[in-house]
$ cat entry-v4.pdb   # PDB, C-alpha atoms and all ligand atoms
ATOM      1  CA  MET A   1      57.545 122.355 -44.759  1.00  0.00           C
ATOM      2  CA  ILE A   2      55.906 125.731 -44.115  1.00  0.00           C
ATOM      3  CA  ASP A   3      52.341 125.426 -42.892  1.00  0.00           C
ATOM      4  CA  GLN A   4      49.580 127.070 -44.858  1.00  0.00           C
ATOM      5  CA  ARG A   5      45.830 127.435 -44.723  1.00  0.00           C
ATOM      6  CA  ILE A   6      43.882 125.356 -47.208  1.00  0.00           C
ATOM      7  CA  GLY A   7      40.363 126.646 -47.575  1.00  0.00           C
ATOM      8  CA  ALA A   8      38.534 128.160 -44.639  1.00  0.00           C
ATOM      9  CA  HIS A   9      38.827 125.363 -42.118  1.00  0.00           C
ATOM     10  CA  PHE A  10      41.985 123.353 -42.630  1.00  0.00           C
ATOM     11  CA  TRP A  11      45.724 123.721 -42.331  1.00  0.00           C
ATOM     12  CA  LEU A  12      48.176 121.748 -44.425  1.00  0.00           C
ATOM     13  CA  SER A  13      49.799 120.462 -41.231  1.00  0.00           C
ATOM     14  CA  GLU A  14      46.563 118.688 -40.293  1.00  0.00           C
ATOM     15  CA  PHE A  15      46.967 116.468 -43.349  1.00  0.00           C
ATOM     16  CA  LEU A  16      50.672 115.746 -42.737  1.00  0.00           C
ATOM     17  CA  ARG A  17      50.744 115.050 -39.007  1.00  0.00           C
ATOM     18  CA  SER A  18      51.573 111.449 -38.164  1.00  0.00           C
ATOM     19  CA  ASP A  19      52.345 110.020 -34.740  1.00  0.00           C
ATOM     20  CA  THR A  20      53.717 106.942 -36.461  1.00  0.00           C
ATOM     21  CA  ALA A  21      56.172 109.062 -38.452  1.00  0.00           C
ATOM     22  CA  VAL A  22      57.358 110.799 -35.278  1.00  0.00           C
ATOM     23  CA  ARG A  23      57.675 107.523 -33.394  1.00  0.00           C
ATOM     24  CA  HIS A  24      59.722 105.919 -36.161  1.00  0.00           C
ATOM     25  CA  GLY A  25      61.685 109.030 -37.107  1.00  0.00           C
ATOM     26  CA  ILE A  26      60.194 109.032 -40.604  1.00  0.00           C
ATOM     27  CA  ASP A  27      60.078 112.214 -42.670  1.00  0.00           C
ATOM     28  CA  ASN A  28      56.434 112.355 -43.777  1.00  0.00           C
ATOM     29  CA  THR A  29      56.933 115.116 -46.343  1.00  0.00           C
ATOM     30  CA  PRO A  30      54.881 114.699 -49.531  1.00  0.00           C
ATOM     31  CA  SER A  31      56.283 114.993 -53.037  1.00  0.00           C
ATOM     32  CA  ALA A  32      55.134 117.900 -55.198  1.00  0.00           C
ATOM     33  CA  THR A  33      52.498 115.663 -56.825  1.00  0.00           C
ATOM     34  CA  GLU A  34      51.188 114.398 -53.498  1.00  0.00           C
ATOM     35  CA  LEU A  35      51.154 117.920 -52.087  1.00  0.00           C
ATOM     36  CA  ALA A  36      49.129 119.091 -55.085  1.00  0.00           C
ATOM     37  CA  ASN A  37      46.673 116.224 -54.468  1.00  0.00           C
ATOM     38  CA  ILE A  38      46.267 117.281 -50.835  1.00  0.00           C
ATOM     39  CA  ILE A  39      45.703 120.930 -51.693  1.00  0.00           C
ATOM     40  CA  ASN A  40      43.613 120.583 -54.855  1.00  0.00           C
ATOM     41  CA  ILE A  41      41.629 117.366 -54.299  1.00  0.00           C
ATOM     42  CA  LEU A  42      41.672 116.098 -50.698  1.00  0.00           C
ATOM     43  CA  ALA A  43      41.303 119.387 -48.802  1.00  0.00           C
ATOM     44  CA  PRO A  44      38.417 120.658 -50.973  1.00  0.00           C
ATOM     45  CA  GLY A  45      36.692 117.308 -50.423  1.00  0.00           C
ATOM     46  CA  MET A  46      37.178 117.612 -46.681  1.00  0.00           C
ATOM     47  CA  GLN A  47      35.900 121.169 -46.881  1.00  0.00           C
ATOM     48  CA  GLN A  48      32.686 119.759 -48.377  1.00  0.00           C
ATOM     49  CA  VAL A  49      32.482 117.220 -45.544  1.00  0.00           C
ATOM     50  CA  HIS A  50      32.906 120.042 -43.046  1.00  0.00           C
ATOM     51  CA  ASP A  51      30.217 122.115 -44.738  1.00  0.00           C
ATOM     52  CA  LEU A  52      27.788 119.181 -44.749  1.00  0.00           C
ATOM     53  CA  LEU A  53      28.342 118.369 -41.077  1.00  0.00           C
ATOM     54  CA  SER A  54      28.619 121.996 -39.911  1.00  0.00           C
ATOM     55  CA  VAL A  55      30.880 121.011 -37.014  1.00  0.00           C
ATOM     56  CA  PRO A  56      34.676 120.813 -36.655  1.00  0.00           C
ATOM     57  CA  VAL A  57      36.117 117.862 -38.558  1.00  0.00           C
ATOM     58  CA  HIS A  58      39.291 116.438 -37.051  1.00  0.00           C
ATOM     59  CA  VAL A  59      41.653 114.728 -39.478  1.00  0.00           C
ATOM     60  CA  THR A  60      43.295 111.906 -37.534  1.00  0.00           C
ATOM     61  CA  SER A  61      45.437 110.752 -40.465  1.00  0.00           C
ATOM     62  CA  GLY A  62      45.848 112.261 -43.909  1.00  0.00           C
ATOM     63  CA  TYR A  63      48.932 111.907 -46.041  1.00  0.00           C
ATOM     64  CA  ARG A  64      51.134 108.928 -45.194  1.00  0.00           C
ATOM     65  CA  CYS A  65      54.355 108.348 -47.087  1.00  0.00           C
ATOM     66  CA  GLN A  66      55.125 104.756 -48.039  1.00  0.00           C
ATOM     67  CA  ALA A  67      57.427 104.269 -45.034  1.00  0.00           C
ATOM     68  CA  VAL A  68      54.724 105.428 -42.606  1.00  0.00           C
ATOM     69  CA  GLU A  69      52.130 103.251 -44.315  1.00  0.00           C
ATOM     70  CA  ARG A  70      54.419 100.240 -44.016  1.00  0.00           C
ATOM     71  CA  ALA A  71      55.210 100.982 -40.353  1.00  0.00           C
ATOM     72  CA  LEU A  72      51.480 101.128 -39.549  1.00  0.00           C
ATOM     73  CA  LYS A  73      50.756  97.638 -40.792  1.00  0.00           C
ATOM     74  CA  ARG A  74      51.277  94.957 -38.222  1.00  0.00           C
ATOM     75  CA  LYS A  75      51.184  92.357 -40.970  1.00  0.00           C
ATOM     76  CA  PRO A  76      53.562  93.254 -43.800  1.00  0.00           C
ATOM     77  CA  GLU A  77      51.520  91.168 -46.251  1.00  0.00           C
ATOM     78  CA  ALA A  78      48.528  93.407 -45.551  1.00  0.00           C
ATOM     79  CA  TRP A  79      50.513  96.425 -46.664  1.00  0.00           C
ATOM     80  CA  ARG A  80      49.254  97.906 -49.907  1.00  0.00           C
ATOM     81  CA  SER A  81      51.399 100.530 -51.565  1.00  0.00           C
ATOM     82  CA  THR A  82      48.255 101.564 -53.426  1.00  0.00           C
ATOM     83  CA  SER A  83      46.664 103.101 -50.307  1.00  0.00           C
ATOM     84  CA  GLN A  84      45.161 106.434 -51.254  1.00  0.00           C
ATOM     85  CA  HIS A  85      46.735 107.850 -48.095  1.00  0.00           C
ATOM     86  CA  THR A  86      50.141 107.514 -49.778  1.00  0.00           C
ATOM     87  CA  LEU A  87      48.915 109.594 -52.718  1.00  0.00           C
ATOM     88  CA  GLY A  88      47.553 112.415 -50.573  1.00  0.00           C
ATOM     89  CA  LEU A  89      44.021 111.523 -51.623  1.00  0.00           C
ATOM     90  CA  ALA A  90      42.594 110.011 -48.425  1.00  0.00           C
ATOM     91  CA  ALA A  91      41.908 111.153 -44.886  1.00  0.00           C
ATOM     92  CA  ASP A  92      40.693 109.476 -41.727  1.00  0.00           C
ATOM     93  CA  PHE A  93      38.579 111.746 -39.600  1.00  0.00           C
ATOM     94  CA  VAL A  94      36.178 112.062 -36.698  1.00  0.00           C
ATOM     95  CA  ALA A  95      33.523 114.674 -35.990  1.00  0.00           C
ATOM     96  CA  PRO A  96      32.554 113.992 -32.355  1.00  0.00           C
ATOM     97  CA  GLN A  97      30.375 117.069 -32.105  1.00  0.00           C
ATOM     98  CA  PHE A  98      28.209 115.662 -34.879  1.00  0.00           C
ATOM     99  CA  GLY A  99      27.967 112.142 -33.519  1.00  0.00           C
ATOM    100  CA  SER A 100      29.416 108.666 -33.806  1.00  0.00           C
ATOM    101  CA  CYS A 101      31.388 107.689 -36.879  1.00  0.00           C
ATOM    102  CA  LYS A 102      28.451 105.581 -38.047  1.00  0.00           C
ATOM    103  CA  THR A 103      26.096 108.545 -37.683  1.00  0.00           C
ATOM    104  CA  VAL A 104      28.545 110.651 -39.705  1.00  0.00           C
ATOM    105  CA  CYS A 105      28.727 108.023 -42.467  1.00  0.00           C
ATOM    106  CA  LYS A 106      24.939 107.700 -42.622  1.00  0.00           C
ATOM    107  CA  TYR A 107      24.483 111.440 -42.814  1.00  0.00           C
ATOM    108  CA  LEU A 108      27.073 111.873 -45.552  1.00  0.00           C
ATOM    109  CA  LEU A 109      25.404 109.157 -47.606  1.00  0.00           C
ATOM    110  CA  GLU A 110      21.914 110.577 -47.125  1.00  0.00           C
ATOM    111  CA  HIS A 111      22.760 114.249 -47.551  1.00  0.00           C
ATOM    112  CA  GLY A 112      26.015 114.229 -49.500  1.00  0.00           C
ATOM    113  CA  GLY A 113      24.638 113.687 -52.975  1.00  0.00           C
ATOM    114  CA  ASP A 114      27.170 116.158 -54.358  1.00  0.00           C
ATOM    115  CA  LEU A 115      30.040 114.717 -52.359  1.00  0.00           C
ATOM    116  CA  ARG A 116      32.385 113.271 -54.976  1.00  0.00           C
ATOM    117  CA  PHE A 117      34.076 110.723 -52.720  1.00  0.00           C
ATOM    118  CA  ASP A 118      35.886 107.758 -54.207  1.00  0.00           C
ATOM    119  CA  GLN A 119      35.673 105.557 -51.114  1.00  0.00           C
ATOM    120  CA  LEU A 120      33.897 106.033 -47.812  1.00  0.00           C
ATOM    121  CA  ILE A 121      34.851 103.457 -45.220  1.00  0.00           C
ATOM    122  CA  TYR A 122      33.249 103.138 -41.821  1.00  0.00           C
ATOM    123  CA  GLU A 123      36.184 101.987 -39.699  1.00  0.00           C
ATOM    124  CA  GLY A 124      34.510 101.967 -36.299  1.00  0.00           C
ATOM    125  CA  ASN A 125      36.576 104.580 -34.467  1.00  0.00           C
ATOM    126  CA  TRP A 126      37.114 106.777 -37.523  1.00  0.00           C
ATOM    127  CA  VAL A 127      35.802 107.446 -41.014  1.00  0.00           C
ATOM    128  CA  HIS A 128      38.059 106.964 -44.039  1.00  0.00           C
ATOM    129  CA  ILE A 129      37.244 109.036 -47.085  1.00  0.00           C
ATOM    130  CA  SER A 130      39.076 109.532 -50.365  1.00  0.00           C
ATOM    131  CA  PHE A 131      38.719 111.841 -53.317  1.00  0.00           C
ATOM    132  CA  VAL A 132      40.130 111.521 -56.835  1.00  0.00           C
ATOM    133  CA  ALA A 133      40.587 113.698 -59.886  1.00  0.00           C
ATOM    134  CA  GLN A 134      38.805 111.262 -62.175  1.00  0.00           C
ATOM    135  CA  THR A 135      35.212 110.017 -61.865  1.00  0.00           C
ATOM    136  CA  PRO A 136      34.739 108.840 -58.259  1.00  0.00           C
ATOM    137  CA  ARG A 137      33.505 105.323 -57.532  1.00  0.00           C
ATOM    138  CA  ARG A 138      31.382 106.368 -54.526  1.00  0.00           C
ATOM    139  CA  GLU A 139      32.177 103.007 -52.998  1.00  0.00           C
ATOM    140  CA  VAL A 140      30.918 102.482 -49.436  1.00  0.00           C
ATOM    141  CA  LEU A 141      32.566  99.870 -47.237  1.00  0.00           C
ATOM    142  CA  THR A 142      32.653  98.777 -43.611  1.00  0.00           C
ATOM    143  CA  ALA A 143      35.940  97.604 -42.132  1.00  0.00           C
ATOM    144  CA  HIS A 144      35.958  94.637 -39.776  1.00  0.00           C
ATOM    145  CA  PHE A 145      38.980  94.222 -37.556  1.00  0.00           C
ATOM    146  CA  VAL A 146      39.842  90.783 -36.281  1.00  0.00           C
ATOM    147  CA  ALA A 147      42.429  89.580 -33.800  1.00  0.00           C
ATOM    148  CA  GLY A 148      45.969  89.677 -35.118  1.00  0.00           C
ATOM    149  CA  GLY A 149      45.571  92.933 -36.952  1.00  0.00           C
ATOM    150  CA  ALA A 150      43.826  91.604 -40.042  1.00  0.00           C
ATOM    151  CA  VAL A 151      41.037  93.634 -41.572  1.00  0.00           C
ATOM    152  CA  SER A 152      38.289  92.656 -43.995  1.00  0.00           C
ATOM    153  CA  TYR A 153      35.787  94.844 -45.788  1.00  0.00           C
ATOM    154  CA  THR A 154      32.120  94.381 -46.597  1.00  0.00           C
ATOM    155  CA  GLN A 155      30.031  96.444 -48.996  1.00  0.00           C
ATOM    156  CA  GLY A 156      27.853  99.152 -47.542  1.00  0.00           C
ATOM    157  CA  LEU A 157      27.386 100.309 -43.971  1.00  0.00           C
ATOM    158  CA  ALA A 158      27.224  97.424 -41.506  1.00  0.00           C
TER     159      ALA A 158
HETATM  160 ZN    ZN B 201      42.210 105.636 -43.992  1.00  0.00          ZN
END

$ encode --input "entry-v4.pdb" --output "structure tokens"
Amino acid sequence: MIDQRIGAHFWLSEFLRSDTAVRHGIDNTPSATELANIINILAPGMQQVHDLLSVPVHVTSGYRCQAVERALKRKPEAWRSTSQHTLGLAADFVAPQFGSCKTVCKYLLEHGGDLRFDQLIYEGNWVHISFVAQTPRREVLTAHFVAGGAVSYTQGLA
């Protein structure tokens, strides 16, 4: 897939890169629909995040095809094909120059009144954010990782 700029600060390749795909020899190429989601919904949302934080935003995981998503889950039963990553609507990111992931989440909630995110999840070492075409839920969650690879979510920032 030929790389292209999306907006002023992102490249398409940033949303497609996946170490897991490389490791497992999976072709993480999005469908036309997923690609359109990345370009028209996810990247503009991330652009807003960038503009709010005013520092480089590093996408650590964007689009993940179903095979990549499945390979990532240590527990197959925890695998949800409904992950917004598989639709090209979610990104995990860090912005170390701004501060910790918790600081980033707090700031986005306090100053991102116009940020039309569907879900914002504080995941400890990264921030998960998703955007949708329809009315966003603006749901805020904190992920809690426990031994064995299980994860549970609580409402709000914990
Ligand atoms: Zn995520």

$ closest_residue --input "entry-v4.pdb" --among "A:Thr29, A:Ser130, A:Thr135, A:Gln155" --to "Pro44 of chain A" --atoms "all atoms listed in the file"
A:Ser130

$ residues_near_point --input "entry-v4.pdb" --point "(29.0, 109.5, -41.0)" --cutoff "10 Å" --atoms "only C-alpha atoms" --output "list in words"
Val49, Leu53, Phe93, Val94, Ala95, Phe98, Gly99, Ser100, Cys101, Lys102, Thr103, Val104, Cys105, Lys106, Tyr107, Leu108, Leu109, Glu110, Leu120, Ile121, Tyr122, Trp126, Val127, His128 and Leu157 of chain A

$ resolve_selection --input "entry-v4.pdb" --expression "the PyMOL selection byres (((chain A and resi 144) around 10) and not hetatm)" --output "PyMOL selection string"
chain A and resi 122-124+141-143+145-146+150-154+158

$ residues_near_ligand --input "entry-v4.pdb" --ligand "ligand ZN 201 (chain B)" --cutoff "8 Å" --atoms "all atoms listed in the file" --output "ChimeraX atom specification"
/A:61-62,84-85,90-92,121,127-129

$ resolve_selection --input "entry-v4.pdb" --expression "the PyMOL selection byres (((chain A and resi 1) around 12) and not hetatm)" --output "list in words"
Ile2, Asp3, Gln4, Leu12, Ser13, Leu16, Arg17, Asp27, Asn28, Thr29, Pro30, Ser31, Ala32 and Leu35 of chain A

$ atom_distance --input "entry-v4.pdb" --atom1 "atom CA of Gly45 of chain A" --atom2 "atom CA of Phe131 of chain A"
6.5 Å

$ resolve_selection --input "entry-v4.pdb" --expression "the PyMOL selection byres (((chain A and resi 48) around 12) and not hetatm)" --output "NGL selection string"
:A and (7-10 or 41-47 or 49-57 or 108 or 111-117 or 129 or 131)

$ atom_distance --input "entry-v4.pdb" --atom1 "atom CA of His58 of chain A" --atom2 "atom CA of Ile38 of chain A"
15.5 Å

$ closest_residue --input "entry-v4.pdb" --among "A:Glu14, A:Gly88, A:Thr33, A:Arg23" --to "Val132 of chain A" --atoms "only C-alpha atoms"
A:Gly88

$ closest_residue --input "entry-v4.pdb" --among "A:Cys65, A:Ala147, A:Ile39, A:Val140" --to "Ser83 of chain A" --atoms "only C-alpha atoms"
A:Cys65

$ atom_distance --input "entry-v4.pdb" --atom1 "atom CA of Lys73 of chain A" --atom2 "atom CA of Thr20 of chain A"
10.7 Å

$ closest_residue --input "entry-v4.pdb" --among "A:Leu72, A:Leu87, A:Val22, A:Ile6" --to "Asn40 of chain A" --atoms "only C-alpha atoms"
A:Ile6
